[in-house]
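Reading through the structure tokens given below for one structure.
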There are 4 protein chains.
Amino acid sequence: MAQSKYEHIQQEAYDANMQLPKLGLVLFTFGNVSAADSSLGVFAIKPSGVPYEELTPAKMVIVDFDGNTVEGNLRPSSDTKTHALLYKHWDKINGIAHTHSTYATAWAQAQTDIPIFGTTHADHNTVDIPCAPPMDDEMIQGDYEYQTGFQIMNCFKEKGLSYGEVEMILVGNHAPFTWGKSAAKAVYNSAVLESIAKMAYLTQSINANTLRLKDALIKKHYERKHGADSYYGQ
Amino acid sequence: MAQSKYEHIQQEAYDANMQLPKLGLVLFTFGNVSAADSSLGVFAIKPSGVPYEELTPAKMVIVDFDGNTVEGNLRPSSDTKTHALLYKHWDKINGIAHTHSTYATAWAQAQTDIPIFGTTHADHNTVDIPCAPPMDDEMIQGDYEYQTGFQIMNCFKEKGLSYGEVEMILVGNHAPFTWGKSAAKAVYNSAVLESIAKMAYLTQSINANTLRLKDALIKKHYERKHGADSYYGQ
Amino acid sequence: MAQSKYEHIQQEAYDANMQLPKLGLVLFTFGNVSAADSSLGVFAIKPSGVPYEELTPAKMVIVDFDGNTVEGNLRPSSDTKTHALLYKHWDKINGIAHTHSTYATAWAQAQTDIPIFGTTHADHNTVDIPCAPPMDDEMIQGDYEYQTGFQIMNCFKEKGLSYGEVEMILVGNHAPFTWGKSAAKAVYNSAVLESIAKMAYLTQSINANTLRLKDALIKKHYERKHGADSYYGQ
Amino acid sequence: MAQSKYEHIQQEAYDANMQLPKLGLVLFTFGNVSAADSSLGVFAIKPSGVPYEELTPAKMVIVDFDGNTVEGNLRPSSDTKTHALLYKHWDKINGIAHTHSTYATAWAQAQTDIPIFGTTHADHNTVDIPCAPPMDDEMIQGDYEYQTGFQIMNCFKEKGLSYGEVEMILVGNHAPFTWGKSAAKAVYNSAVLESIAKMAYLTQSINANTLRLKDALIKKHYERKHGADSYYGQ
């Protein structure tokens, strides 16, 4: 097979997908990562239902931002339209990851935002991790995976959040989506989210009246990471 | 030893049994998988009490659908009669798995159906995962493992469930049984059930008032997987 | 070094101790196993504070049933007197294991018997797993580890339990001890206990009103394993 | 590169840092360990943001007890000033470890001391594991990581604890710090703390009314370890 002009994002998507089982974020094929090249207007995504051990970079399917397959013989992941819509509207992201990781999915199923309880959370996000409410019935009956993209964007709009600041969401009843400047960063965010979700679960179990982090600490951590003089890194 | 005419199901049963420890579903020998050939009217099942590291395909015992050993020197699993009864009455299944996996067994011990809380569940089953109530005392005093098969079938009858749609059950006070078109699919279902059981446990712990998935979403996931235009696969 | 006449129990104790980290039952050196030869009136036990990766069979210390070191240059485990007392009084056991495994220790710390909730438990014990109440203050101030042996035996006497039937106990505030016909069986029992302890914890969390297993089922499982026609083995 | 006169502490810090992922105490780079040489008045610490698989002894940054970098091209961990302050004031410690290990961090987020529930805890500490209350707002707005050091020392002063006896603390809203006579001992304490934190969480979940260990047992375990005739070691 001749080299594809999409090989760079196929490789990036492949590498990122292979991180999911290594990080303990997926059972069987319950996850997918994509890598986009916005200059080409396409992304590479895991094919549908293929076990991780059988994946290769060349099997990554190339799809445009309207969800049409551009290159590849395999069917793209069933969540492809959600990825496409986010790339189309959030033009600064180049990677999206979706998993059914255990603790993050439990919060999504409980339809509850993850409260900001500590600095592990604040080092990555200075707000509660949002949980998008379940779709209206007409959205469900329509183009479901496409609507999942709108469900995510609508939640951000309603809560006044920026996708550049907050790179993760729980889709109510479903599971988490994360994103970032690269597919690798999106996967990193999936692992961080799972860790935060587990700690928050335990924190609430230890003390049901635990207060959210106080504002001065939230502000400090925000500045430490994003301010003009940012210096964070353990 | 001459080649057995049952070698294909011995190999299938062997491969499927060996998946149980890899998937973290068993401690020691607390599980068993069988593979049936309905045209021959027999199934191959793990011998009783043999550690996984000592299993070989040839050690799989061949048993008919009335529970009689047809071939093999080892004693078949103590759960053999449960397998036999299910194969006899549910003629479209070719594999059965039984484990004492941690979270699924906890729900079985709590004698509680696992509520459908999210899409991980709905992608595999569109009903709560049923928990069969404990046996009547006279059933227990009779042919116990045989009666476990009736306990499973009776629960499906009472709840109006189809074994072709719902491929898993919790036996109250005991542990899960799963099945499918092959032994590999039965094991896959055991792993999916354990994952769903853990997520549901956490979901309820996070929010004791979590509602079951709404009907429109259940219907969508059912159609996505089983409908004329099914397309599911991550 | 000339071959020791205790080499057979040193090897058995070594093999059994090395199973503890493999089964995930210990952190660092927080556990110990011994193997006894009642005809010689001695047992081999792990030396004190030696990491598992540095153990060898020859390092196992030989101790008599009054707790005196018979052979070996290293100090025996600080729990040695507890082992000695049990071997002295319970003459049919040849192996004892002590761990601080996570879930069993949590039940011991909570000073709560582990209720018999299911068949995983009933396949091994047909009573709740007993938790010995903490020692009286004068016992603590005396020969502490020796008294731990009496604490265990007193609990069995008060509850009317047989050490041949029930091969495990939780020492209140402390952690589990298990035993059996061999050191390997004692370790097997430690792993089974940890699994039962975790399942019981989850069962109670799912349904705080879960009932103990009903008598007919307990009786059936007891007979299945111990009766004249015992046949159990998965 | 010529051999550094700090090579011994670089090696010690490197070895200790590499233990963190092996012991399951860190995700990505969320932890750091330092090793001090008090005669030289410096310590070696993990560089900021470098993944564990890319660490080498030579990459460890040398910092003095006022937090100034003495040798090394990489930026030291963002928690360096906390380490520096503790070395400056607690002159008998030669190692400090900081992790965001799951259960210890959950207790820190819940702002709750870990109650002494059993002998696993008492073998290492005979008091509840202290949780330092969150900083005042003015401390946060100042030199944050430096103030974290004072937050730790102030908590010990207020509770009348000795850093030589109690080698671990939870920083409220944040995560644990541990220390000891060497970097290896500090890491050992991090692992012990995580284990104690998990057991205490489970203990409270099993029995919300669990009492703290009684005084006679606490005293016994203290003497067993620290008394003139100390003999502890499993």
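Just remember, in the structure tokens the first chain shown is A, the second B, etc., residues are 1-based per chain, and ligands are 1-based in the order shown.
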
Would you list the contacts of segment 168-178 of chain A as a VMD selection string, taking every protein, DNA or RNA residue within 6 Å and counting only C-alpha atoms, but skipping same-chain residues closer than 4 positions in sequence? (chain A and resid 96 to 98 100 105 108 to 109 111 130 to 134 186 190) or (chain B and resid 118 to 119)

In segment 29-120 of chain D, what's strand (DSSP E or B) per DSSP? Answer as a PyMOL selection string? chain D and resi 31-37+42-45+47+61-64+69-71+76+95-99+114

May I ask you to extract the residues of chain B within 9 Å of chain A, using only C-alpha atoms, and to give them as a PyMOL selection string? chain B and resi 117-120+188+191-192+195-196+198-211+213-217+220+231-234

Please write the residues from the selection above to a file, keeping C-alpha atoms, as a PDB file, in the first residue's frame.
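File result-v5.pdb, as written:
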```pdb
ATOM      1  CA  PHE B 117     -28.119   3.007  34.697  1.00  0.00           C
ATOM      2  CA  GLY B 118     -26.228   3.767  31.518  1.00  0.00           C
ATOM      3  CA  THR B 119     -25.305   3.017  27.959  1.00  0.00           C
ATOM      4  CA  THR B 120     -22.565   0.495  28.817  1.00  0.00           C
ATOM      5  CA  TYR B 188     -17.114 -11.993  26.949  1.00  0.00           C
ATOM      6  CA  ALA B 191     -16.474  -9.747  31.681  1.00  0.00           C
ATOM      7  CA  VAL B 192     -19.091  -7.239  30.516  1.00  0.00           C
ATOM      8  CA  SER B 195     -17.862  -4.272  34.530  1.00  0.00           C
ATOM      9  CA  ILE B 196     -21.545  -3.286  34.562  1.00  0.00           C
ATOM     10  CA  LYS B 198     -19.011  -2.520  39.354  1.00  0.00           C
ATOM     11  CA  MET B 199     -20.229   0.649  37.636  1.00  0.00           C
ATOM     12  CA  ALA B 200     -23.769   0.175  38.970  1.00  0.00           C
ATOM     13  CA  TYR B 201     -22.407  -0.317  42.482  1.00  0.00           C
ATOM     14  CA  LEU B 202     -20.436   2.931  42.252  1.00  0.00           C
ATOM     15  CA  THR B 203     -23.317   4.791  40.617  1.00  0.00           C
ATOM     16  CA  GLN B 204     -25.650   3.927  43.470  1.00  0.00           C
ATOM     17  CA  SER B 205     -22.996   4.868  46.018  1.00  0.00           C
ATOM     18  CA  ILE B 206     -22.498   8.295  44.393  1.00  0.00           C
ATOM     19  CA  ASN B 207     -26.199   8.996  44.110  1.00  0.00           C
ATOM     20  CA  ALA B 208     -28.629   6.687  45.931  1.00  0.00           C
ATOM     21  CA  ASN B 209     -31.507   8.237  43.980  1.00  0.00           C
ATOM     22  CA  THR B 210     -30.098   7.617  40.506  1.00  0.00           C
ATOM     23  CA  LEU B 211     -32.905   6.914  38.051  1.00  0.00           C
ATOM     24  CA  LEU B 213     -32.073   4.969  31.988  1.00  0.00           C
ATOM     25  CA  LYS B 214     -35.049   6.585  30.319  1.00  0.00           C
ATOM     26  CA  ASP B 215     -37.103   4.618  27.818  1.00  0.00           C
ATOM     27  CA  ALA B 216     -36.115   6.598  24.730  1.00  0.00           C
ATOM     28  CA  LEU B 217     -32.442   5.843  25.380  1.00  0.00           C
ATOM     29  CA  LYS B 220     -32.323   3.681  20.862  1.00  0.00           C
ATOM     30  CA  TYR B 231     -24.369  -0.378  13.343  1.00  0.00           C
ATOM     31  CA  TYR B 232     -22.970  -0.508  16.852  1.00  0.00           C
ATOM     32  CA  GLY B 233     -19.267  -1.050  17.572  1.00  0.00           C
ATOM     33  CA  GLN B 234     -16.915   1.379  19.283  1.00  0.00           C
TER      34      GLN B 234
END
```

Please extract the residues of segment 71-207 of chain D with a backbone DSSP assignment of alpha helix (DSSP H) and present them as a PyMOL selection string. chain D and resi 80-89+102-109+119-122+137-141+144-159+183-206

Go ahead and compute the interatomic distance for atom CA of His83 of chain A and atom CA of Tyr222 of chain A, in Å to one decimal.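 According to the coordinates, atom CA of His83 of chain A and atom CA of Tyr222 of chain A are separated by 27.8 Å.
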
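Counting only C-alpha atoms and comparing A:Lys22, A:His124, A:Lys185, A:Lys5, the residue that lies closest to Glu223 of chain A is A:His124.
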
Report as a ChimeraX atom specification all protein, DNA and RNA residues lying within 10 Å of Lys59 of chain C, evaluated on only C-alpha atoms, omitting residues in the same chain fewer than 3 positions from it. /C:10-11,14,44-47,50,54-56,62,71-76

Atom CA of Ile218 of chain B and atom CA of Asn125 of chain B, how far apart in Å? 8.9 Å

To one decimal in Å, tell me the separation between atom CA of Asp15 of chain A and atom CA of Ala58 of chain A. 11.7 Å

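Near Ile93 of chain D, within a cut-off of 9 Å and counting only C-alpha atoms, sit the residues Ala36, Ser38, Leu86, Tyr87, Tyr163, Gly164, Trp179, Gly180, Lys181 and Ser182 of chain D, with same-chain residues fewer than 6 positions away left out.
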
Keeping only N, CA and C atoms, take the residues you just selected and write them out as a PDB file, in the first residue's frame.
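Full text of selection.pdb as output:
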```
ATOM      1  N   ALA D  36      18.448  13.978  50.998  1.00  0.00           N
ATOM      2  CA  ALA D  36      19.305  15.066  51.484  1.00  0.00           C
ATOM      3  C   ALA D  36      20.620  14.551  52.045  1.00  0.00           C
ATOM      4  N   SER D  38      22.764  16.227  54.874  1.00  0.00           N
ATOM      5  CA  SER D  38      22.724  17.394  55.762  1.00  0.00           C
ATOM      6  C   SER D  38      24.122  17.967  55.978  1.00  0.00           C
ATOM      7  N   LEU D  86      11.263  21.873  55.091  1.00  0.00           N
ATOM      8  CA  LEU D  86      11.250  20.770  56.064  1.00  0.00           C
ATOM      9  C   LEU D  86      12.679  20.329  56.406  1.00  0.00           C
ATOM     10  N   TYR D  87      13.548  20.229  55.396  1.00  0.00           N
ATOM     11  CA  TYR D  87      14.947  19.853  55.691  1.00  0.00           C
ATOM     12  C   TYR D  87      15.609  20.902  56.597  1.00  0.00           C
ATOM     13  N   TYR D 163       8.283  14.943  64.698  1.00  0.00           N
ATOM     14  CA  TYR D 163       8.521  14.446  63.325  1.00  0.00           C
ATOM     15  C   TYR D 163       9.373  13.195  63.329  1.00  0.00           C
ATOM     16  N   GLY D 164      10.020  12.889  64.437  1.00  0.00           N
ATOM     17  CA  GLY D 164      10.804  11.664  64.528  1.00  0.00           C
ATOM     18  C   GLY D 164       9.940  10.451  64.825  1.00  0.00           C
ATOM     19  N   TRP D 179       8.219  11.292  55.300  1.00  0.00           N
ATOM     20  CA  TRP D 179       9.671  11.532  55.397  1.00  0.00           C
ATOM     21  C   TRP D 179      10.314  10.430  56.216  1.00  0.00           C
ATOM     22  N   GLY D 180      11.625  10.542  56.403  1.00  0.00           N
ATOM     23  CA  GLY D 180      12.320   9.536  57.192  1.00  0.00           C
ATOM     24  C   GLY D 180      13.816   9.736  57.131  1.00  0.00           C
ATOM     25  N   LYS D 181      14.537   8.749  57.667  1.00  0.00           N
ATOM     26  CA  LYS D 181      16.007   8.843  57.751  1.00  0.00           C
ATOM     27  C   LYS D 181      16.648   8.718  56.374  1.00  0.00           C
ATOM     28  N   SER D 182      15.901   8.270  55.401  1.00  0.00           N
ATOM     29  CA  SER D 182      16.422   8.143  54.031  1.00  0.00           C
ATOM     30  C   SER D 182      15.268   8.327  53.054  1.00  0.00           C
TER      31      SER D 182
END
```
